[in-house]
Amino acid sequence: MTLAKPIEWLGDRVRILDQTRLPQEEVYLELDNYRDLASAIRELKVRGAPAIGVAGAYAVALGALQIEARTKGEFLESLRGVVDAIGATRPTARNLFWALEHMRRVAQAIEDVAQTKAALVDEAMKIHAEEETATRKLSQFGAELIKDGFTILTHCNAGPLATAGYGTALGIIIRAKEQGKRVKVLATETRPLLQGARLTTWELKKAGIPVMLITDSMAGYFMRRGEVGCVIVGADRIAANGDTANKIGTYTLAVLARENNIPFYVAAPTTTIDPALSSGEEIPIEQRNAEEVTHIHGSAIAPEGIAAANPAFDITPHRYISAIITEKGVIRGNYGEGIKGIFRRV
(Lines give C-alpha, C1' and ligand atoms only; values in the text may rest on other atoms or scores of the structure.)
Protein backbone atom coordinates (compact mmCIF):
# COMPACT_ATOMS: atom_id res chain seq x y z
CA MET A 1 0.00 0.00 0.00
CA THR A 2 1.05 3.63 -0.46
CA LEU A 3 1.57 5.23 2.93
CA ALA A 4 0.79 8.88 3.64
CA LYS A 5 3.84 11.16 3.98
CA PRO A 6 3.02 13.49 6.85
CA ILE A 7 6.49 15.10 6.79
CA GLU A 8 8.96 15.72 3.96
CA TRP A 9 12.18 17.74 3.84
CA LEU A 10 12.36 19.86 0.70
CA GLY A 11 15.88 21.26 1.00
CA ASP A 12 15.09 24.62 2.60
CA ARG A 13 11.60 23.98 3.97
CA VAL A 14 9.39 21.25 5.39
CA ARG A 15 6.18 19.95 3.83
CA ILE A 16 3.61 18.63 6.31
CA LEU A 17 0.15 17.15 6.00
CA ASP A 18 -2.12 19.26 8.20
CA GLN A 19 -3.75 16.58 10.34
CA THR A 20 -6.27 19.00 11.81
CA ARG A 21 -7.97 19.22 8.39
CA LEU A 22 -8.47 15.47 8.00
CA PRO A 23 -10.58 13.65 6.95
CA GLN A 24 -12.51 16.39 5.15
CA GLU A 25 -9.49 17.90 3.40
CA GLU A 26 -6.01 16.62 2.54
CA VAL A 27 -4.06 19.87 2.87
CA TYR A 28 -0.26 20.17 2.76
CA LEU A 29 1.66 23.11 4.22
CA GLU A 30 5.18 24.18 3.26
CA LEU A 31 6.97 25.84 6.17
CA ASP A 32 10.36 27.54 5.96
CA ASN A 33 10.53 28.99 9.47
CA TYR A 34 11.17 26.97 12.63
CA ARG A 35 8.61 29.04 14.57
CA ASP A 36 5.90 28.03 12.13
CA LEU A 37 6.85 24.37 12.42
CA ALA A 38 6.92 24.65 16.23
CA SER A 39 3.41 26.12 16.09
CA ALA A 40 2.31 23.25 13.82
CA ILE A 41 3.55 20.77 16.44
CA ARG A 42 1.78 22.61 19.27
CA GLU A 43 -1.45 22.90 17.28
CA LEU A 44 -1.41 19.16 16.38
CA LYS A 45 -0.99 19.75 12.67
CA VAL A 46 1.88 17.33 13.22
CA ARG A 47 1.23 14.82 16.00
CA GLY A 48 2.23 11.38 17.27
CA ALA A 49 5.44 11.01 19.29
CA PRO A 50 7.73 9.67 16.53
CA ALA A 51 6.45 12.24 14.02
CA ILE A 52 6.87 15.00 16.59
CA GLY A 53 10.50 13.94 17.04
CA VAL A 54 11.12 14.08 13.29
CA ALA A 55 9.37 17.44 12.96
CA GLY A 56 11.35 18.79 15.91
CA ALA A 57 14.64 17.77 14.29
CA TYR A 58 13.64 19.46 11.03
CA ALA A 59 12.60 22.56 12.98
CA VAL A 60 16.09 22.77 14.49
CA ALA A 61 17.59 22.40 11.02
CA LEU A 62 15.39 25.24 9.70
CA GLY A 63 16.30 27.42 12.65
CA ALA A 64 20.00 26.72 12.15
CA LEU A 65 19.87 27.65 8.47
CA GLN A 66 18.43 31.05 9.39
CA ILE A 67 20.99 31.94 12.06
CA GLU A 68 23.44 34.66 11.08
CA ALA A 69 26.49 34.31 13.31
CA ARG A 70 30.16 35.22 12.93
CA THR A 71 31.46 32.74 15.50
CA LYS A 72 30.54 29.26 16.65
CA GLY A 73 29.75 30.66 20.11
CA GLU A 74 27.23 33.12 18.68
CA PHE A 75 25.71 30.34 16.60
CA LEU A 76 25.28 27.99 19.57
CA GLU A 77 23.73 30.76 21.66
CA SER A 78 21.13 31.43 18.97
CA LEU A 79 20.55 27.73 18.40
CA ARG A 80 19.86 27.23 22.10
CA GLY A 81 16.86 29.54 21.81
CA VAL A 82 15.62 27.60 18.79
CA VAL A 83 15.90 24.26 20.60
CA ASP A 84 14.23 25.59 23.76
CA ALA A 85 11.28 26.95 21.75
CA ILE A 86 10.75 23.61 20.03
CA GLY A 87 11.12 21.65 23.27
CA ALA A 88 8.34 23.70 24.86
CA THR A 89 5.72 22.54 22.31
CA ARG A 90 4.77 19.05 23.58
CA PRO A 91 6.25 18.07 26.98
CA THR A 92 5.18 14.41 27.09
CA ALA A 93 6.54 13.16 23.75
CA ARG A 94 9.88 11.51 24.54
CA ASN A 95 10.89 11.29 20.86
CA LEU A 96 10.98 15.09 20.66
CA PHE A 97 13.57 15.44 23.41
CA TRP A 98 15.56 12.48 22.10
CA ALA A 99 15.76 14.19 18.70
CA LEU A 100 16.64 17.59 20.18
CA GLU A 101 19.47 16.05 22.21
CA HIS A 102 20.89 14.43 19.08
CA MET A 103 20.73 17.76 17.25
CA ARG A 104 22.50 19.50 20.14
CA ARG A 105 25.36 16.99 20.07
CA VAL A 106 25.86 17.43 16.34
CA ALA A 107 25.87 21.23 16.73
CA GLN A 108 28.56 21.10 19.38
CA ALA A 109 30.81 18.64 17.55
CA ILE A 110 31.85 20.82 14.58
CA GLU A 111 33.67 24.15 14.75
CA ASP A 112 32.82 25.65 11.37
CA VAL A 113 29.36 27.29 11.33
CA ALA A 114 28.53 26.46 7.69
CA GLN A 115 29.54 22.85 8.18
CA THR A 116 27.47 22.69 11.37
CA LYS A 117 24.37 23.87 9.52
CA ALA A 118 24.84 21.21 6.84
CA ALA A 119 25.45 18.55 9.49
CA LEU A 120 22.22 19.48 11.30
CA VAL A 121 20.21 19.07 8.10
CA ASP A 122 21.86 15.68 7.53
CA GLU A 123 21.13 14.62 11.12
CA ALA A 124 17.46 15.55 10.85
CA MET A 125 17.14 13.51 7.65
CA LYS A 126 18.94 10.62 9.37
CA ILE A 127 16.54 10.75 12.33
CA HIS A 128 13.61 10.62 9.89
CA ALA A 129 15.08 7.65 7.99
CA GLU A 130 15.82 5.77 11.22
CA GLU A 131 12.25 6.25 12.47
CA GLU A 132 10.92 4.87 9.18
CA THR A 133 13.17 1.81 9.49
CA ALA A 134 12.34 1.30 13.17
CA THR A 135 8.57 1.35 12.61
CA ARG A 136 8.86 -1.15 9.76
CA LYS A 137 10.88 -3.51 11.95
CA LEU A 138 8.60 -3.25 14.98
CA SER A 139 5.57 -3.79 12.76
CA GLN A 140 7.10 -7.06 11.59
CA PHE A 141 7.72 -8.19 15.17
CA GLY A 142 4.24 -7.15 16.25
CA ALA A 143 2.48 -8.83 13.34
CA GLU A 144 3.71 -12.18 14.64
CA LEU A 145 1.46 -11.67 17.68
CA ILE A 146 -1.65 -11.19 15.54
CA LYS A 147 -3.70 -14.29 14.83
CA ASP A 148 -5.70 -14.83 11.67
CA GLY A 149 -9.26 -13.63 12.23
CA PHE A 150 -8.39 -11.24 15.06
CA THR A 151 -10.44 -8.16 15.79
CA ILE A 152 -8.00 -5.59 17.19
CA LEU A 153 -9.02 -2.66 19.32
CA THR A 154 -6.85 0.46 19.06
CA HIS A 155 -7.00 3.89 20.64
CA CYS A 156 -6.00 7.29 19.25
CA ASN A 157 -3.87 7.19 16.08
CA ALA A 158 -0.57 5.36 15.70
CA GLY A 159 -0.22 4.89 11.95
CA PRO A 160 2.00 6.51 9.33
CA LEU A 161 0.49 9.90 10.19
CA ALA A 162 1.75 9.64 13.76
CA THR A 163 5.19 8.23 13.03
CA ALA A 164 6.44 9.77 9.77
CA GLY A 165 7.15 6.14 8.92
CA TYR A 166 5.25 2.84 8.70
CA GLY A 167 3.24 3.19 11.89
CA THR A 168 3.37 1.50 15.30
CA ALA A 169 -0.01 0.10 16.41
CA LEU A 170 -1.46 0.53 12.91
CA GLY A 171 1.82 -0.53 11.31
CA ILE A 172 1.44 -3.90 13.03
CA ILE A 173 -2.13 -4.23 11.78
CA ILE A 174 -1.15 -3.24 8.24
CA ARG A 175 1.74 -5.73 8.25
CA ALA A 176 -0.54 -8.51 9.52
CA LYS A 177 -2.87 -7.84 6.58
CA GLU A 178 0.09 -7.93 4.19
CA GLN A 179 0.91 -11.38 5.61
CA GLY A 180 -2.51 -12.53 4.47
CA LYS A 181 -4.18 -12.51 7.87
CA ARG A 182 -7.84 -11.58 8.06
CA VAL A 183 -7.96 -8.71 10.55
CA LYS A 184 -10.61 -6.22 11.59
CA VAL A 185 -10.27 -3.15 13.77
CA LEU A 186 -12.39 -1.47 16.42
CA ALA A 187 -11.21 2.15 16.53
CA THR A 188 -12.18 4.32 19.48
CA GLU A 189 -13.19 7.85 18.53
CA THR A 190 -10.63 9.24 21.04
CA ARG A 191 -12.12 12.25 22.74
CA PRO A 192 -11.61 15.12 22.99
CA LEU A 193 -9.91 15.67 19.59
CA LEU A 194 -11.24 12.57 17.83
CA GLN A 195 -7.94 11.29 16.40
CA GLY A 196 -9.42 7.81 16.14
CA ALA A 197 -12.52 8.95 14.29
CA ARG A 198 -10.72 11.42 12.03
CA LEU A 199 -7.34 9.81 11.43
CA THR A 200 -7.26 6.10 12.31
CA THR A 201 -10.37 5.28 10.28
CA TRP A 202 -8.99 7.38 7.38
CA GLU A 203 -5.71 5.46 7.34
CA LEU A 204 -7.32 2.04 7.72
CA LYS A 205 -9.82 2.78 4.96
CA LYS A 206 -6.91 3.70 2.67
CA ALA A 207 -5.20 0.43 3.67
CA GLY A 208 -8.30 -1.61 2.85
CA ILE A 209 -8.65 -2.91 6.41
CA PRO A 210 -12.20 -3.33 7.78
CA VAL A 211 -12.73 -0.87 10.64
CA MET A 212 -15.66 -0.08 12.90
CA LEU A 213 -15.71 3.23 14.77
CA ILE A 214 -16.88 3.11 18.40
CA THR A 215 -17.14 5.72 21.13
CA ASP A 216 -14.51 5.48 23.85
CA SER A 217 -17.10 4.26 26.35
CA MET A 218 -18.11 1.27 24.15
CA ALA A 219 -14.82 -0.62 24.56
CA GLY A 220 -15.92 -2.59 27.62
CA TYR A 221 -19.11 -3.68 25.87
CA PHE A 222 -17.21 -5.31 23.01
CA MET A 223 -14.54 -6.80 25.28
CA ARG A 224 -17.09 -8.45 27.57
CA ARG A 225 -18.84 -9.97 24.53
CA GLY A 226 -15.60 -11.65 23.49
CA GLU A 227 -15.32 -9.60 20.31
CA VAL A 228 -11.78 -8.28 20.88
CA GLY A 229 -8.72 -10.47 20.19
CA CYS A 230 -6.18 -7.96 21.49
CA VAL A 231 -5.63 -4.28 22.15
CA ILE A 232 -2.70 -2.47 20.51
CA VAL A 233 -1.76 1.13 21.24
CA GLY A 234 1.20 3.37 20.60
CA ALA A 235 3.07 5.39 23.24
CA ASP A 236 4.35 8.89 23.83
CA ARG A 237 6.84 7.98 26.55
CA ILE A 238 7.83 4.74 28.26
CA ALA A 239 9.64 4.77 31.61
CA ALA A 240 12.50 2.44 32.52
CA ASN A 241 10.12 0.05 34.31
CA GLY A 242 7.70 -0.19 31.38
CA ASP A 243 5.06 2.24 32.66
CA THR A 244 3.65 3.95 29.57
CA ALA A 245 2.19 7.37 28.79
CA ASN A 246 -0.27 7.34 25.92
CA LYS A 247 -3.40 9.22 24.86
CA ILE A 248 -5.86 9.82 27.66
CA GLY A 249 -8.15 6.80 28.00
CA THR A 250 -5.41 4.22 27.41
CA TYR A 251 -5.20 3.30 31.11
CA THR A 252 -8.95 2.60 31.14
CA LEU A 253 -8.57 0.22 28.18
CA ALA A 254 -5.66 -1.58 29.84
CA VAL A 255 -7.68 -2.23 33.00
CA LEU A 256 -10.65 -3.44 30.95
CA ALA A 257 -8.39 -5.71 28.92
CA ARG A 258 -6.96 -7.28 32.09
CA GLU A 259 -10.46 -7.82 33.51
CA ASN A 260 -11.46 -9.62 30.30
CA ASN A 261 -8.21 -11.61 29.80
CA ILE A 262 -7.35 -9.79 26.56
CA PRO A 263 -3.70 -9.15 25.58
CA PHE A 264 -2.77 -5.48 25.80
CA TYR A 265 0.21 -4.51 23.63
CA VAL A 266 2.19 -1.28 23.47
CA ALA A 267 4.07 -0.61 20.22
CA ALA A 268 6.80 2.04 20.07
CA PRO A 269 10.32 2.57 18.75
CA THR A 270 13.14 2.70 21.30
CA THR A 271 13.28 6.49 20.84
CA THR A 272 10.04 6.59 22.86
CA ILE A 273 11.67 4.88 25.86
CA ASP A 274 13.08 7.22 28.52
CA PRO A 275 15.53 5.18 30.62
CA ALA A 276 16.23 8.21 32.83
CA LEU A 277 12.73 7.96 34.35
CA SER A 278 12.32 5.12 36.84
CA SER A 279 8.51 4.98 36.61
CA GLY A 280 5.48 6.55 35.02
CA GLU A 281 5.06 8.84 38.03
CA GLU A 282 7.95 10.92 36.65
CA ILE A 283 6.49 11.37 33.16
CA PRO A 284 5.27 14.95 32.57
CA ILE A 285 1.64 15.06 31.47
CA GLU A 286 0.65 17.77 29.03
CA GLN A 287 -2.40 19.79 30.14
CA ARG A 288 -4.19 21.26 27.13
CA ASN A 289 -6.80 23.98 26.71
CA ALA A 290 -10.18 23.20 28.28
CA GLU A 291 -11.90 24.47 25.15
CA GLU A 292 -10.87 21.26 23.36
CA VAL A 293 -13.28 19.48 25.74
CA THR A 294 -16.09 22.04 25.82
CA HIS A 295 -16.12 22.62 22.05
CA ILE A 296 -15.95 20.49 18.90
CA HIS A 297 -14.74 22.28 15.77
CA GLY A 298 -15.51 25.59 17.44
CA SER A 299 -19.08 24.70 18.45
CA ALA A 300 -19.88 24.63 22.16
CA ILE A 301 -21.17 21.33 23.57
CA ALA A 302 -21.22 22.46 27.22
CA PRO A 303 -22.69 25.45 29.08
CA GLU A 304 -20.64 28.62 28.79
CA GLY A 305 -18.11 29.02 31.61
CA ILE A 306 -18.21 25.39 32.72
CA ALA A 307 -14.91 24.06 34.12
CA ALA A 308 -13.28 21.23 32.15
CA ALA A 309 -10.15 19.14 32.65
CA ASN A 310 -7.96 18.25 29.67
CA PRO A 311 -4.94 16.08 30.47
CA ALA A 312 -3.72 14.87 27.06
CA PHE A 313 -2.25 11.59 28.36
CA ASP A 314 -2.52 9.07 31.16
CA ILE A 315 -0.13 6.48 32.57
CA THR A 316 -0.64 2.74 32.17
CA PRO A 317 1.30 0.82 34.83
CA HIS A 318 3.49 -1.91 33.35
CA ARG A 319 1.59 -4.66 35.18
CA TYR A 320 -1.31 -4.17 32.74
CA ILE A 321 0.89 -4.49 29.64
CA SER A 322 1.24 -7.91 27.98
CA ALA A 323 4.22 -6.90 25.81
CA ILE A 324 6.12 -3.86 24.59
CA ILE A 325 6.92 -4.16 20.89
CA THR A 326 10.01 -2.32 19.61
CA GLU A 327 12.25 -2.47 16.54
CA LYS A 328 14.77 -4.38 18.69
CA GLY A 329 12.28 -7.08 19.60
CA VAL A 330 9.34 -7.83 21.87
CA ILE A 331 9.80 -7.25 25.62
CA ARG A 332 7.77 -9.33 28.05
CA GLY A 333 7.79 -10.03 31.78
CA ASN A 334 10.46 -8.03 33.59
CA TYR A 335 10.28 -4.78 31.64
CA GLY A 336 13.07 -3.14 33.61
CA GLU A 337 15.55 -5.84 32.63
CA GLY A 338 14.14 -6.08 29.11
CA ILE A 339 14.56 -2.35 28.53
CA LYS A 340 18.09 -2.40 29.96
CA GLY A 341 18.94 -5.26 27.61
CA ILE A 342 17.63 -3.37 24.60
CA PHE A 343 19.68 -0.27 25.42
CA ARG A 344 22.79 -2.37 25.92
CA ARG A 345 22.29 -3.68 22.37
CA VAL A 346 21.56 -0.19 21.03
# chains A, B, ... in the order shown; residues from 1 in each chain; ligands from 1
call {"tool": "select_by_dssp", "arguments": {"residues": "region 157-206 of chain A", "states": "helix (DSSP H, G or I)", "output": "ChimeraX atom specification"}}
result
/A:160-163,169-178,195-206
call {"tool": "select_by_dssp", "arguments": {"residues": "region 187-295 of chain A", "states": "strand (DSSP E or B)", "output": "list of chain:residue names"}}
result
A:Ala187, A:Thr188, A:Val211, A:Met212, A:Leu213, A:Ile214, A:Cys230, A:Val231, A:Ile232, A:Val233, A:Arg237, A:Ile238, A:Ala239, A:Thr244, A:Ala245, A:Asn246, A:Lys247, A:Phe264, A:Tyr265, A:Val266, A:Ala267, A:Ile273, A:Asp274, A:Gln287, A:His295
call {"tool": "residues_around", "arguments": {"residues": "region 213-230 of chain A", "least_positions_apart": "4", "cutoff": "8 Å", "atoms": "only C-alpha atoms", "output": "list in words"}}
result
Phe150, Thr151, Ile152, Leu153, Leu186, Ala187, Thr188, Glu189, Thr190, Arg191, Gly196, Ala197, Thr201, Gly249, Leu253, Leu256, Ala257, Asn260, Ile262, Pro263, Phe264 and Tyr265 of chain A
call {"tool": "residues_around", "arguments": {"residues": "region 107-113 of chain A", "least_positions_apart": "2", "cutoff": "10 Å", "atoms": "only C-alpha atoms", "output": "number ranges by chain"}}
result
A: 64-65, 67-76, 79, 101-105, 115-120, 123
call {"tool": "decode", "arguments": {"residues": "region 326-343 of chain A", "atoms": "N, CA and C atoms", "output": "mmCIF file, in the first residue's frame"}}
result
data_model
loop_
_atom_site.group_PDB
_atom_site.id
_atom_site.type_symbol
_atom_site.label_atom_id
_atom_site.label_comp_id
_atom_site.auth_asym_id
_atom_site.auth_seq_id
_atom_site.Cartn_x
_atom_site.Cartn_y
_atom_site.Cartn_z
ATOM 1 N N THR A 326 9.076 -3.307 20.131
ATOM 2 C CA THR A 326 10.014 -2.315 19.611
ATOM 3 C C THR A 326 10.704 -2.866 18.372
ATOM 4 N N GLU A 327 11.499 -2.016 17.715
ATOM 5 C CA GLU A 327 12.249 -2.467 16.544
ATOM 6 C C GLU A 327 13.389 -3.407 16.921
ATOM 7 N N LYS A 328 13.717 -3.484 18.222
ATOM 8 C CA LYS A 328 14.770 -4.384 18.692
ATOM 9 C C LYS A 328 14.219 -5.713 19.189
ATOM 10 N N GLY A 329 12.908 -5.851 19.155
ATOM 11 C CA GLY A 329 12.284 -7.084 19.599
ATOM 12 C C GLY A 329 11.125 -6.826 20.535
ATOM 13 N N VAL A 330 10.507 -7.900 20.987
ATOM 14 C CA VAL A 330 9.341 -7.831 21.871
ATOM 15 C C VAL A 330 9.804 -8.056 23.304
ATOM 16 N N ILE A 331 9.434 -7.139 24.199
ATOM 17 C CA ILE A 331 9.800 -7.247 25.617
ATOM 18 C C ILE A 331 8.595 -7.759 26.385
ATOM 19 N N ARG A 332 8.823 -8.771 27.194
ATOM 20 C CA ARG A 332 7.772 -9.329 28.053
ATOM 21 C C ARG A 332 8.306 -9.492 29.469
ATOM 22 N N GLY A 333 7.390 -9.670 30.421
ATOM 23 C CA GLY A 333 7.792 -10.029 31.780
ATOM 24 C C GLY A 333 8.443 -8.886 32.523
ATOM 25 N N ASN A 334 9.726 -9.036 32.829
ATOM 26 C CA ASN A 334 10.461 -8.030 33.591
ATOM 27 C C ASN A 334 10.862 -6.889 32.644
ATOM 28 N N TYR A 335 10.035 -5.853 32.609
ATOM 29 C CA TYR A 335 10.278 -4.782 31.636
ATOM 30 C C TYR A 335 11.548 -4.000 31.948
ATOM 31 N N GLY A 336 11.850 -3.849 33.234
ATOM 32 C CA GLY A 336 13.067 -3.142 33.605
ATOM 33 C C GLY A 336 14.296 -3.803 33.014
ATOM 34 N N GLU A 337 14.399 -5.116 33.184
ATOM 35 C CA GLU A 337 15.547 -5.843 32.633
ATOM 36 C C GLU A 337 15.494 -5.879 31.119
ATOM 37 N N GLY A 338 14.289 -6.036 30.559
ATOM 38 C CA GLY A 338 14.143 -6.078 29.110
ATOM 39 C C GLY A 338 14.571 -4.770 28.454
ATOM 40 N N ILE A 339 14.185 -3.665 29.061
ATOM 41 C CA ILE A 339 14.562 -2.346 28.532
ATOM 42 C C ILE A 339 16.062 -2.126 28.663
ATOM 43 N N LYS A 340 16.632 -2.517 29.794
ATOM 44 C CA LYS A 340 18.090 -2.402 29.964
ATOM 45 C C LYS A 340 18.816 -3.207 28.896
ATOM 46 N N GLY A 341 18.314 -4.409 28.603
ATOM 47 C CA GLY A 341 18.938 -5.256 27.612
ATOM 48 C C GLY A 341 18.893 -4.636 26.221
ATOM 49 N N ILE A 342 17.762 -4.022 25.897
ATOM 50 C CA ILE A 342 17.634 -3.367 24.599
ATOM 51 C C ILE A 342 18.614 -2.206 24.454
ATOM 52 N N PHE A 343 18.758 -1.415 25.509
ATOM 53 C CA PHE A 343 19.677 -0.269 25.422
ATOM 54 C C PHE A 343 21.137 -0.709 25.431
#
